[in-house]
Structure formats: C-alpha cells, structure tokens
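Have a look at final12.cif below; it lists mmCIF, C-alpha atoms.
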```cif
data_structure
#
loop_
_atom_site.label_atom_id
_atom_site.label_comp_id
_atom_site.auth_asym_id
_atom_site.auth_seq_id
_atom_site.Cartn_x
_atom_site.Cartn_y
_atom_site.Cartn_z
CA MET A 1 -14.97 6.84 20.57
CA PHE A 2 -12.55 5.52 17.98
CA SER A 3 -8.94 4.56 17.77
CA PHE A 4 -7.18 4.07 14.46
CA ALA A 5 -4.89 1.26 13.37
CA TYR A 6 -3.04 3.67 11.05
CA PRO A 7 -3.62 7.20 12.40
CA LYS A 8 -0.89 8.70 10.18
CA LEU A 9 -3.09 8.05 7.15
CA LEU A 10 -5.46 10.70 8.48
CA TYR A 11 -3.00 13.26 7.10
CA LEU A 12 -4.55 12.40 3.73
CA LEU A 13 -7.50 14.54 4.86
CA PHE A 14 -5.40 17.50 3.70
CA LEU A 15 -6.40 16.40 0.21
CA ILE A 16 -9.85 17.86 0.87
CA PRO A 17 -8.85 21.56 0.92
CA ILE A 18 -6.64 20.89 -2.13
CA VAL A 19 -9.60 19.44 -4.05
CA PHE A 20 -11.80 22.33 -2.93
CA GLY A 21 -9.15 24.80 -4.06
CA LEU A 22 -9.02 23.20 -7.51
CA PHE A 23 -12.82 23.40 -7.66
CA LEU A 24 -12.76 27.13 -6.89
CA VAL A 25 -10.12 27.68 -9.57
CA SER A 26 -12.27 25.85 -12.13
CA ARG A 27 -15.35 27.91 -11.17
CA LEU A 28 -13.43 31.18 -11.53
CA LYS A 29 -12.07 30.08 -14.89
CA ARG A 30 -15.58 29.18 -16.03
CA LYS A 31 -16.89 32.57 -14.92
CA LYS A 32 -14.14 34.35 -16.89
CA ASN A 33 -14.82 32.27 -19.99
CA ILE A 34 -18.54 33.18 -19.87
CA ALA A 35 -17.70 36.89 -19.39
CA ARG A 36 -15.69 36.78 -22.63
CA TYR A 37 -18.91 36.24 -24.58
CA GLY A 38 -21.05 38.89 -22.92
CA ASN A 39 -22.81 40.02 -19.78
CA PRO A 40 -23.20 36.97 -17.48
CA ALA A 41 -26.58 38.24 -16.27
CA VAL A 42 -27.85 38.30 -19.85
CA LEU A 43 -26.24 35.00 -20.83
CA SER A 44 -27.76 33.21 -17.85
CA GLY A 45 -31.13 33.59 -19.51
CA GLN A 46 -29.77 31.64 -22.47
CA MET A 47 -28.81 28.77 -20.16
CA PRO A 48 -32.07 27.99 -18.29
CA ASP A 49 -31.01 24.49 -17.26
CA VAL A 50 -27.67 25.51 -15.73
CA SER A 51 -27.82 25.50 -11.94
CA LYS A 52 -25.79 27.81 -9.71
CA TYR A 53 -26.03 25.48 -6.76
CA MET A 54 -25.78 21.88 -7.95
CA PRO A 55 -21.98 22.03 -8.64
CA TRP A 56 -21.53 23.06 -5.00
CA VAL A 57 -23.70 20.16 -3.89
CA LYS A 58 -21.64 17.74 -5.97
CA ILE A 59 -18.25 19.00 -4.71
CA SER A 60 -19.55 18.74 -1.13
CA LEU A 61 -20.53 15.13 -1.73
CA GLU A 62 -17.16 14.37 -3.32
CA MET A 63 -15.15 15.94 -0.48
CA LEU A 64 -17.19 14.00 2.06
CA ALA A 65 -16.51 10.81 0.06
CA ILE A 66 -12.76 11.51 0.18
CA ALA A 67 -12.99 11.97 3.95
CA LEU A 68 -14.78 8.64 4.34
CA VAL A 69 -12.20 6.81 2.20
CA VAL A 70 -9.36 8.23 4.32
CA VAL A 71 -11.08 7.24 7.56
CA MET A 72 -11.65 3.72 6.21
CA LEU A 73 -7.96 3.36 5.27
CA ALA A 74 -6.97 4.46 8.79
CA ARG A 75 -8.97 1.47 10.14
CA PRO A 76 -11.27 2.95 12.85
CA ARG A 77 -11.89 0.73 15.86
CA SER A 78 -14.12 1.19 18.85
CA ILE A 79 -12.40 1.84 22.18
CA GLY A 80 -13.28 -0.07 25.31
CA SER A 81 -15.19 -2.86 23.66
CA SER A 82 -15.48 -6.00 25.76
CA ASN A 83 -14.92 -8.04 22.59
CA GLN A 84 -11.37 -6.73 22.23
CA GLN A 85 -8.83 -8.77 24.12
CA VAL A 86 -5.19 -9.79 24.21
CA VAL A 87 -4.66 -13.54 23.99
CA ASN A 88 -1.61 -15.79 24.13
CA VAL A 89 -1.06 -17.91 21.04
CA GLN A 90 1.71 -20.15 19.75
CA GLY A 91 3.70 -18.61 16.94
CA ILE A 92 6.92 -17.07 15.59
CA GLU A 93 7.95 -13.64 14.34
CA VAL A 94 8.73 -13.04 10.67
CA MET A 95 10.27 -9.89 9.20
CA VAL A 96 10.05 -9.58 5.41
CA ALA A 97 12.68 -7.48 3.62
CA LEU A 98 11.34 -6.61 0.17
CA ASP A 99 13.65 -5.29 -2.54
CA VAL A 100 12.13 -2.21 -4.25
CA SER A 101 15.14 -1.20 -6.35
CA ASN A 102 14.55 -0.20 -9.98
CA SER A 103 15.74 -3.61 -11.18
CA MET A 104 12.64 -5.10 -9.54
CA LEU A 105 10.59 -3.46 -12.30
CA ALA A 106 12.10 -5.83 -14.86
CA SER A 107 9.98 -8.77 -15.97
CA SER A 108 9.83 -11.74 -13.62
CA THR A 109 9.40 -14.13 -16.56
CA ASP A 110 11.10 -14.76 -19.90
CA ASP A 111 8.33 -12.69 -21.47
CA PRO A 112 9.35 -8.97 -21.32
CA GLN A 113 5.66 -8.07 -21.20
CA GLY A 114 4.97 -10.36 -18.24
CA ILE A 115 4.40 -9.17 -14.69
CA ASN A 116 7.43 -7.49 -13.19
CA ARG A 117 9.50 -8.82 -10.32
CA LEU A 118 7.93 -6.51 -7.73
CA GLN A 119 4.42 -7.60 -8.71
CA LYS A 120 5.48 -11.23 -8.48
CA ALA A 121 6.99 -10.59 -5.04
CA LYS A 122 3.77 -8.95 -3.80
CA GLN A 123 1.67 -11.88 -5.00
CA MET A 124 3.94 -14.37 -3.27
CA LEU A 125 4.08 -12.30 -0.08
CA GLU A 126 0.30 -12.03 0.09
CA LYS A 127 -0.02 -15.83 -0.14
CA LEU A 128 2.69 -16.26 2.48
CA ILE A 129 0.88 -13.99 4.94
CA ASP A 130 -2.22 -16.17 4.57
CA LYS A 131 -0.14 -19.14 5.75
CA LEU A 132 1.32 -17.49 8.86
CA GLY A 133 -1.65 -18.26 11.11
CA ASN A 134 -0.90 -17.09 14.66
CA ASP A 135 2.54 -15.74 13.78
CA LYS A 136 3.50 -12.07 13.63
CA VAL A 137 4.83 -10.31 10.56
CA GLY A 138 6.62 -7.06 9.74
CA LEU A 139 7.77 -5.46 6.51
CA ILE A 140 10.92 -3.59 5.47
CA VAL A 141 11.51 -2.17 2.00
CA PHE A 142 15.01 -1.55 0.74
CA ALA A 143 17.03 -0.37 -2.21
CA GLY A 144 20.16 1.71 -1.53
CA ASP A 145 18.93 1.95 2.07
CA ALA A 146 16.31 0.20 4.19
CA TYR A 147 13.11 1.53 5.76
CA THR A 148 10.57 -0.06 8.10
CA GLN A 149 7.07 0.06 6.61
CA ILE A 150 5.11 -2.24 8.93
CA PRO A 151 6.38 -2.89 12.48
CA ILE A 152 5.99 -6.44 13.74
CA THR A 153 2.24 -7.08 14.00
CA ALA A 154 -0.48 -9.73 14.03
CA ASP A 155 -2.76 -7.51 11.94
CA PHE A 156 -2.47 -9.39 8.65
CA VAL A 157 -5.42 -7.57 7.06
CA SER A 158 -3.67 -4.21 7.32
CA ALA A 159 -0.36 -5.72 6.21
CA LYS A 160 -1.93 -7.09 3.03
CA MET A 161 -3.71 -3.80 2.32
CA PHE A 162 -0.38 -1.98 2.47
CA LEU A 163 1.24 -4.17 -0.18
CA GLY A 164 -0.57 -2.45 -3.03
CA ASN A 165 1.17 0.87 -2.30
CA ILE A 166 4.73 -0.46 -2.44
CA ASN A 167 6.85 0.91 -5.29
CA PRO A 168 10.50 1.92 -5.95
CA SER A 169 9.79 5.61 -5.25
CA MET A 170 9.37 4.76 -1.55
CA VAL A 171 13.16 4.59 -1.21
CA PRO A 172 14.92 7.75 -2.47
CA THR A 173 18.37 6.13 -2.68
CA GLN A 174 18.63 3.54 -5.42
CA GLY A 175 20.88 0.49 -5.21
CA THR A 176 20.49 -2.86 -3.46
CA ALA A 177 21.67 -2.90 0.16
CA ILE A 178 20.69 -6.37 1.35
CA GLY A 179 23.01 -6.12 4.35
CA ALA A 180 21.32 -2.93 5.60
CA ALA A 181 17.92 -4.60 5.25
CA ILE A 182 19.05 -7.62 7.28
CA LYS A 183 20.46 -5.42 10.06
CA MET A 184 17.27 -3.35 10.26
CA ALA A 185 15.08 -6.46 10.25
CA ALA A 186 17.17 -8.04 13.02
CA ASN A 187 16.58 -4.95 15.16
CA SER A 188 12.84 -4.88 14.45
CA PHE A 189 11.82 -7.98 16.38
CA THR A 190 10.39 -7.90 19.90
CA PRO A 191 13.02 -8.31 22.65
CA ASP A 192 11.57 -11.65 23.79
CA GLU A 193 14.48 -14.08 23.42
CA LYS A 194 12.21 -17.15 23.65
CA THR A 195 10.35 -16.26 20.46
CA GLN A 196 11.79 -17.84 17.33
CA LYS A 197 12.52 -15.32 14.60
CA SER A 198 13.02 -15.44 10.84
CA ILE A 199 13.91 -12.91 8.15
CA ILE A 200 12.65 -13.47 4.60
CA ILE A 201 14.49 -11.52 1.92
CA ILE A 202 12.71 -11.16 -1.42
CA THR A 203 15.14 -9.80 -4.00
CA ASP A 204 16.75 -10.21 -7.39
CA GLY A 205 20.06 -10.52 -5.55
CA GLU A 206 21.92 -7.69 -7.29
CA ASN A 207 23.67 -6.51 -4.11
CA HIS A 208 25.97 -3.56 -4.76
CA GLU A 209 26.15 -1.72 -1.46
CA ASP A 210 27.39 -3.79 1.49
CA ASP A 211 28.39 -7.14 2.98
CA ALA A 212 25.10 -9.02 2.86
CA VAL A 213 26.67 -12.37 3.77
CA GLY A 214 28.36 -10.88 6.83
CA ALA A 215 25.10 -9.30 7.96
CA ALA A 216 23.34 -12.65 7.55
CA GLN A 217 26.00 -14.35 9.67
CA GLU A 218 25.61 -11.74 12.42
CA ALA A 219 21.83 -12.20 12.41
CA HIS A 220 22.20 -15.97 12.64
CA ASP A 221 24.54 -15.55 15.61
CA LYS A 222 21.59 -13.85 17.33
CA GLY A 223 19.41 -16.88 16.65
CA ILE A 224 17.63 -15.47 13.60
CA GLN A 225 16.95 -17.65 10.57
CA ILE A 226 17.55 -16.03 7.14
CA ASN A 227 15.57 -17.24 4.12
CA VAL A 228 15.97 -15.79 0.62
CA VAL A 229 13.53 -15.73 -2.28
CA SER A 230 15.06 -14.97 -5.69
CA ILE A 231 12.88 -13.10 -8.19
CA GLY A 232 13.45 -13.13 -11.95
CA THR A 233 14.93 -15.46 -14.56
CA GLN A 234 18.52 -15.99 -15.63
CA LYS A 235 17.61 -14.66 -19.05
CA GLY A 236 17.20 -11.27 -17.42
CA GLY A 237 15.24 -8.35 -18.76
CA PRO A 238 15.31 -4.60 -19.45
CA ILE A 239 14.28 -2.12 -16.76
CA PRO A 240 11.33 0.08 -17.79
CA MET A 241 11.58 3.79 -16.98
CA GLY A 242 7.86 4.56 -16.89
CA ASP A 243 7.80 6.64 -20.08
CA GLY A 244 7.89 3.73 -22.51
CA SER A 245 11.70 3.65 -22.66
CA TYR A 246 14.17 1.38 -20.89
CA MET A 247 17.18 2.11 -18.72
CA LYS A 248 20.46 2.54 -20.60
CA ASP A 249 24.07 2.67 -19.47
CA GLU A 250 26.52 5.54 -20.02
CA TYR A 251 27.29 4.22 -23.50
CA GLY A 252 23.65 4.19 -24.58
CA ASN A 253 23.28 0.41 -24.37
CA MET A 254 20.14 -1.07 -22.86
CA VAL A 255 20.69 -2.38 -19.33
CA ILE A 256 19.71 -6.04 -18.91
CA SER A 257 19.06 -6.91 -15.27
CA VAL A 258 19.96 -10.50 -14.42
CA PRO A 259 19.23 -11.86 -10.91
CA ASN A 260 22.34 -12.81 -8.95
CA GLU A 261 21.26 -16.12 -7.47
CA GLN A 262 24.75 -16.85 -6.14
CA VAL A 263 24.57 -13.89 -3.74
CA ALA A 264 21.10 -14.99 -2.68
CA ARG A 265 22.31 -18.54 -2.05
CA ASP A 266 25.30 -17.30 -0.05
CA VAL A 267 23.09 -15.11 2.15
CA ALA A 268 20.68 -17.99 2.83
CA LYS A 269 23.59 -20.32 3.62
CA ALA A 270 25.14 -17.84 6.07
CA GLY A 271 21.76 -17.39 7.76
CA LYS A 272 21.15 -21.17 7.97
CA GLY A 273 17.96 -20.73 5.99
CA VAL A 274 16.61 -21.87 2.66
CA PHE A 275 17.07 -20.41 -0.81
CA VAL A 276 14.12 -20.66 -3.19
CA SER A 277 13.42 -19.30 -6.66
CA ALA A 278 10.01 -17.69 -7.08
CA ASN A 279 9.81 -19.33 -10.52
CA ASN A 280 9.55 -22.79 -8.96
CA SER A 281 6.00 -24.00 -8.35
CA ASP A 282 6.94 -25.34 -4.90
CA ALA A 283 8.75 -22.16 -3.77
CA LEU A 284 6.03 -21.03 -1.37
CA SER A 285 5.47 -24.47 0.16
CA THR A 286 9.24 -24.92 0.62
CA LEU A 287 9.50 -21.57 2.39
CA ASP A 288 6.44 -22.30 4.54
CA ALA A 289 7.87 -25.69 5.54
CA ARG A 290 11.13 -24.04 6.57
CA LEU A 291 9.28 -21.57 8.81
CA LYS A 292 7.31 -24.40 10.40
CA GLU A 293 10.60 -25.99 11.49
CA LEU A 294 11.02 -23.17 14.00
CA SER A 295 9.61 -23.99 17.41
CA LYS A 296 6.63 -21.85 18.35
CA SER A 297 6.36 -20.03 21.65
CA ASN A 298 3.78 -17.88 23.43
CA ILE A 299 3.22 -14.51 21.77
CA GLN A 300 0.55 -11.96 22.56
CA LYS A 301 -2.05 -11.18 19.93
CA THR A 302 -4.80 -8.56 20.08
CA VAL A 303 -8.08 -10.00 18.86
CA PHE A 304 -10.79 -7.72 17.46
CA SER A 305 -14.27 -9.01 16.87
CA PRO A 306 -16.16 -7.77 13.78
CA SER A 307 -18.08 -5.34 16.02
CA ASP A 308 -14.80 -3.61 16.95
CA GLU A 309 -13.90 -2.88 13.34
CA GLN A 310 -15.88 0.21 12.42
CA PHE A 311 -14.82 0.71 8.78
CA PRO A 312 -17.91 -1.18 7.39
CA ILE A 313 -20.11 1.64 8.75
CA PHE A 314 -18.09 4.22 6.83
CA ALA A 315 -18.12 1.96 3.77
CA TRP A 316 -21.93 1.93 3.70
CA PHE A 317 -22.05 5.72 4.04
CA LEU A 318 -19.53 5.98 1.20
CA LEU A 319 -21.63 3.72 -1.03
CA VAL A 320 -24.71 5.88 -0.42
CA LEU A 321 -22.72 9.04 -1.17
CA LEU A 322 -21.39 7.65 -4.44
CA ILE A 323 -24.88 6.66 -5.57
CA VAL A 324 -26.27 10.10 -4.68
CA ASN A 325 -23.36 11.79 -6.45
CA ILE A 326 -24.09 9.81 -9.62
CA LEU A 327 -27.77 10.80 -9.51
CA VAL A 328 -27.06 14.48 -8.84
CA LEU A 329 -26.53 16.40 -12.08
CA ASN A 330 -25.06 19.86 -12.63
CA ARG A 331 -28.26 21.15 -14.22
CA LYS A 332 -31.39 22.32 -12.43
CA ILE A 333 -33.82 19.74 -11.10
CA SER A 334 -37.05 20.09 -13.06
CA TRP A 335 -39.51 19.33 -10.26
CA LEU A 336 -37.86 21.86 -7.94
CA ARG A 337 -38.63 24.66 -10.41
CA LYS A 338 -42.29 24.44 -9.42
CA ILE A 339 -41.52 25.17 -5.80
CA THR A 340 -41.12 28.76 -4.57
CA PHE A 341 -38.83 28.82 -1.57
CA PHE A 342 -38.81 32.59 -1.09
CA SER A 343 -41.61 35.07 -1.62
CA LYS A 344 -41.01 38.62 -2.82
#
```
Using the file provided, produce a representation of the structure as structure tokens.
Amino acid sequence: MFSFAYPKLLYLLFLIPIVFGLFLVSRLKRKKNIARYGNPAVLSGQMPDVSKYMPWVKISLEMLAIALVVVMLARPRSIGSSNQQVVNVQGIEVMVALDVSNSMLASSTDDPQGINRLQKAKQMLEKLIDKLGNDKVGLIVFAGDAYTQIPITADFVSAKMFLGNINPSMVPTQGTAIGAAIKMAANSFTPDEKTQKSIIIITDGENHEDDAVGAAQEAHDKGIQINVVSIGTQKGGPIPMGDGSYMKDEYGNMVISVPNEQVARDVAKAGKGVFVSANNSDALSTLDARLKELSKSNIQKTVFSPSDEQFPIFAWFLLVLLIVNILVLNRKISWLRKITFFSK
C-alpha cells in the first residue's frame, strides 16, 4: 500500500479525461474533414498506410504517462516499512515568507533583461534550504494577502520541488502585505516553546498594505527572530506584463519598481534579525550565520530510506512508456499486415 506526501496533487488526474475529450474532438473533426472530400469507405482505399487503431494506442500511452507523472509528483511512499522512523534531531524551525507581488517580476539586476526578482529569490531560497540540515522549513507566499504553501516540514526535497511552481498568479489580491505574511508565519510554527524559530522575509520591500514593523515587533515579543532579504537594485526596473509590454500608471507612464530597503531594514530591526541584500555575494552566508546563532533543540523528524520512496518505480515505467510512444507511429505496422487475426 502507498501513502502520498502530497495527496492533493492527485486531483491532477482529472487532466486525463480532459485530454481524452480533446482527442475525441480531434478525431471527429478529422472524420468530418475526410467526409468533405468523398465517401470515407472509398477514400480509405487511397490511404493504405493510415491505421484506424494506432492513434488509440498512442492516446492510451499518453494518458497513462500523464497518470504516472501525477503519481510521481504526489510522492508515493510505502506504508508500514520498518525503514521509516521518527527520530529526534537538533534543529530550529524556519518559516520563509516569499513576496510574489507583480513588482517581483522586475529585473533583479541593473540589466532589464536579467533574471527577475522572483527567480533570484527562488535560487537563493533553494541554496538556503540546502544549508538547513536538521532544521524544519515552511513556506508562505504573499502579495496583497498571505497564503501558506508548505506547512512546517523536514521534507526538503518536496519543498524544493514546489519552488518551481511559484508565481504571482498564486495570490489573487495584488499588493505587498508584509505584516500579514509575518502574522501568518508566526502562527505556522509548532506549539513547542523550546524550539527556536525564525521568519525569513524575501521581498522588494514595497509594503503598501499594513504595519509590517508592528507585526515584526509582535513576532519578536513571542521569541521569533525576523530576517529580511531585499531583492532588486536601487536603479529599479519596469514590471513586465507577460505580453511584451510593461506596467503603466494612470497617466500612461511606465512604472519603475524600486526596492524599498528602508522598510526592509526597519522590519529586520524590529524583529532583532539581520537585513541582507540579495545582490551582495555574502548575503546567503550572512543569513545562514544568523540562523546558526539560534540555539538548537530537539525536534522530531521522519526519516524515509530510499526503499520507502516509491516514485523511482513509476519513473522507470514512465521512461519505458515515453520510449514506446516515440516508436509507435500513427500508420499501420508493415509486419503486422502479414498476420491474419480473424478468419472469414
């Protein structure tokens, strides 16, 4: 039997009937197009290599491949394995609040064509996760409001896999509510008071919605350290809209997004943490050193051996399916023509 690390991803299996529906529509359209030129029974004789069955074989292989990909993303694990155990390790808890407002799509460098701020934040966050060791991590995304994406966990592999899907469309309300993100992060830790806790805010600092400094002070009063990473340069940059144009104000002028480092510094100061700029080469090491200042305590961590993780099995099946799908063509297979499956 299996359990899944992310069972909600299994809802993606509903893509299969959608794909099959699109296939049926394309087959019907093809049939109508052929009928426009004459009797299909007569025209079939003019197309001796066209197979009636191979397209159905290919769509079956493709739907099965989709199912395997979805199961892999859901992270299947075997239940009841003796190699799965809960161990006590020394660590801290870290909640990351990642800004996904539209301004995070502006360039993170002085080059407008460089990687955007959100991409830079993801790269830095992935490297940070690698440094956490036995700690636990969680993720909140925020813009005009805040939403928990990854509850506090020791499953760093899944956390890093999720980073690629983060984009501004995840938060329907635009804006930059740093205070709301801090409050949600503060409420997302485990109730163990002995465990040291830290919130890392990755943002361009353009807070427009609430009292971020006040929220940082409240979190610090609860014993939570607040660190802030500023993304972007003081030169600023335009905000791309996805259609090749850039965001403009009500007067038709191009909006230039400039990070507000002062807000970021004030939040870090109120939370008795460190402020770092992602543009500095030592930003990650400075942040890591600050986290290491927190005293570690016993936290529980579920350890899975490689035999418990079942997704490699599905990955091998998927590889075989993809190879077979490439080899299978829509036309008839020549050597099968010589075989008579049914006698008259």
Handout entry: Residue members of the PyMOL selection byres ((chain A and resi 76) around 7) in the file shown, as number ranges by chain
Key = A: 2-5, 71-72, 74-75, 77-78, 309-311
Would you save the residues of that selection, restricted to C-alpha atoms, as a PDB file, in the frame of the given file?
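Saved to out.pdb:
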```
ATOM      1  CA  PHE A   2     -12.550   5.520  17.980  1.00  0.00           C
ATOM      2  CA  SER A   3      -8.940   4.560  17.770  1.00  0.00           C
ATOM      3  CA  PHE A   4      -7.180   4.070  14.460  1.00  0.00           C
ATOM      4  CA  ALA A   5      -4.890   1.260  13.370  1.00  0.00           C
ATOM      5  CA  VAL A  71     -11.080   7.240   7.560  1.00  0.00           C
ATOM      6  CA  MET A  72     -11.650   3.720   6.210  1.00  0.00           C
ATOM      7  CA  ALA A  74      -6.970   4.460   8.790  1.00  0.00           C
ATOM      8  CA  ARG A  75      -8.970   1.470  10.140  1.00  0.00           C
ATOM      9  CA  ARG A  77     -11.890   0.730  15.860  1.00  0.00           C
ATOM     10  CA  SER A  78     -14.120   1.190  18.850  1.00  0.00           C
ATOM     11  CA  GLU A 309     -13.900  -2.880  13.340  1.00  0.00           C
ATOM     12  CA  GLN A 310     -15.880   0.210  12.420  1.00  0.00           C
ATOM     13  CA  PHE A 311     -14.820   0.710   8.780  1.00  0.00           C
TER      14      PHE A 311
END
```
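Taken over the whole file, the PyMOL selection byres ((chain A and resi 266-268) around 8) covers exactly A:Ala212, A:Val213, A:Ala216, A:Ile226, A:Asn227, A:Val228, A:Gln262, A:Val263, A:Ala264, A:Arg265, A:Lys269, A:Ala270, A:Gly271, A:Lys272, A:Gly273, A:Val274, A:Phe275.
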Problem - Residues selected by the PyMOL selection byres ((chain A and resi 94-104) around 8), written as a PyMOL selection string - result: chain A and resi 92-93+105-107+116-118+121+135-144+152+166-168+170-171+174-176+181-182+185+188-189+197-204+239+257
Practice task
Point out the residue among A:Lys58, A:Ala186, A:Leu10, A:Leu287 with the least atom-to-atom distance to Val324 (chain A), counting all atoms listed in the file.
Solution key: A:Lys58
Practice task
Counting only C-alpha atoms, figure out which residue out of A:Tyr251, A:Phe14, A:Phe314, A:Phe156 gets nearest to Gly133 (chain A).
Solution key: A:Phe156
Problem - Residue with smallest distance to Val89 (chain A) - pool A:Ser297, A:Leu327, A:Ile150, A:Val157, counting all atoms listed in the file - result: A:Ser297
Let me have the centre and edge lengths of the axis-aligned box enclosing all listed atoms of region 177-187 of chain A with 6 Å padding on every side, in Å to one decimal, as AutoDock Vina command-line options.
```
--center_x 19.0 --center_y -5.5 --center_z 7.7 --size_x 19.9 --size_y 17.1 --size_z 27.0
```
Handout entry: Between CA of Thr195 (chain A) and CA of Asp155 (chain A) - distance in Å to one decimal
Key =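 Computing the Euclidean distance for CA of Asp155 (chain A) and CA of Thr195 (chain A) yields 17.9 Å.
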Problem - Point-to-point distance in Å for CA of Thr109 (chain A) and CA of Ser277 (chain A) - result: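 CA of Ser277 (chain A) sits 11.9 Å away from CA of Thr109 (chain A).
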Practice task
Please return, as a list of chain:residue names, all polymer residues that have at least one atom within 12 Å of the point (16.2, 2.8, -18.1); use only C-alpha atoms and the file's own coordinate frame.
Solution key: A:Asn102, A:Ser103, A:Leu105, A:Ala106, A:Gly237, A:Pro238, A:Ile239, A:Pro240, A:Met241, A:Gly242, A:Asp243, A:Gly244, A:Ser245, A:Tyr246, A:Met247, A:Lys248, A:Asp249, A:Glu250, A:Gly252, A:Asn253, A:Met254, A:Val255, A:Ile256, A:Ser257
Problem - Between CA of Ala65 (chain A) and CA of Lys29 (chain A) - distance in Å to one decimal - result: 24.8 Å
Practice task
Select, from A:Leu9, A:Leu319, A:Leu125, A:Ile231, the residue with the minimum atom-to-atom distance to Gly205 (chain A), counting only C-alpha atoms.
Solution key: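 Nearest candidate to Gly205 (chain A) out of A:Leu9, A:Leu319, A:Leu125, A:Ile231: A:Ile231.
Take the candidates A:Leu294, A:Asn280, A:Glu62, A:Lys120 and check each one against Ile326 (chain A) using only C-alpha atoms; the shortest distance goes to A:Glu62.
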Skip Gly164 (chain A) itself and residues of its chain fewer than 2 positions away, then list as a compact mmCIF listing (two decimals) with C-alpha atoms, in the frame of the given file all residues within 10 Å of it, counting only C-alpha atoms.
```txt
# COMPACT_ATOMS: atom_id res chain seq x y z
CA GLN A 119 4.42 -7.60 -8.71
CA LYS A 122 3.77 -8.95 -3.80
CA GLN A 123 1.67 -11.88 -5.00
CA ALA A 159 -0.36 -5.72 6.21
CA LYS A 160 -1.93 -7.09 3.03
CA MET A 161 -3.71 -3.80 2.32
CA PHE A 162 -0.38 -1.98 2.47
CA ILE A 166 4.73 -0.46 -2.44
CA ASN A 167 6.85 0.91 -5.29
```
Handout entry: Neighbours of point (-21.4, 15.0, -0.7) within 10 Å, using all atoms listed in the file, written as a ChimeraX atom specification
Key = /A:56-66,318,320-322,324-325,328
With C-alpha atoms kept, could you save the residues just selected as a PDB file, in the frame of the given file?
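Wrote it out as part.pdb, contents follow:
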```pdb
ATOM      1  CA  TRP A  56     -21.530  23.060  -5.000  1.00  0.00           C
ATOM      2  CA  VAL A  57     -23.700  20.160  -3.890  1.00  0.00           C
ATOM      3  CA  LYS A  58     -21.640  17.740  -5.970  1.00  0.00           C
ATOM      4  CA  ILE A  59     -18.250  19.000  -4.710  1.00  0.00           C
ATOM      5  CA  SER A  60     -19.550  18.740  -1.130  1.00  0.00           C
ATOM      6  CA  LEU A  61     -20.530  15.130  -1.730  1.00  0.00           C
ATOM      7  CA  GLU A  62     -17.160  14.370  -3.320  1.00  0.00           C
ATOM      8  CA  MET A  63     -15.150  15.940  -0.480  1.00  0.00           C
ATOM      9  CA  LEU A  64     -17.190  14.000   2.060  1.00  0.00           C
ATOM     10  CA  ALA A  65     -16.510  10.810   0.060  1.00  0.00           C
ATOM     11  CA  ILE A  66     -12.760  11.510   0.180  1.00  0.00           C
ATOM     12  CA  LEU A 318     -19.530   5.980   1.200  1.00  0.00           C
ATOM     13  CA  VAL A 320     -24.710   5.880  -0.420  1.00  0.00           C
ATOM     14  CA  LEU A 321     -22.720   9.040  -1.170  1.00  0.00           C
ATOM     15  CA  LEU A 322     -21.390   7.650  -4.440  1.00  0.00           C
ATOM     16  CA  VAL A 324     -26.270  10.100  -4.680  1.00  0.00           C
ATOM     17  CA  ASN A 325     -23.360  11.790  -6.450  1.00  0.00           C
ATOM     18  CA  VAL A 328     -27.060  14.480  -8.840  1.00  0.00           C
TER      19      VAL A 328
END
```
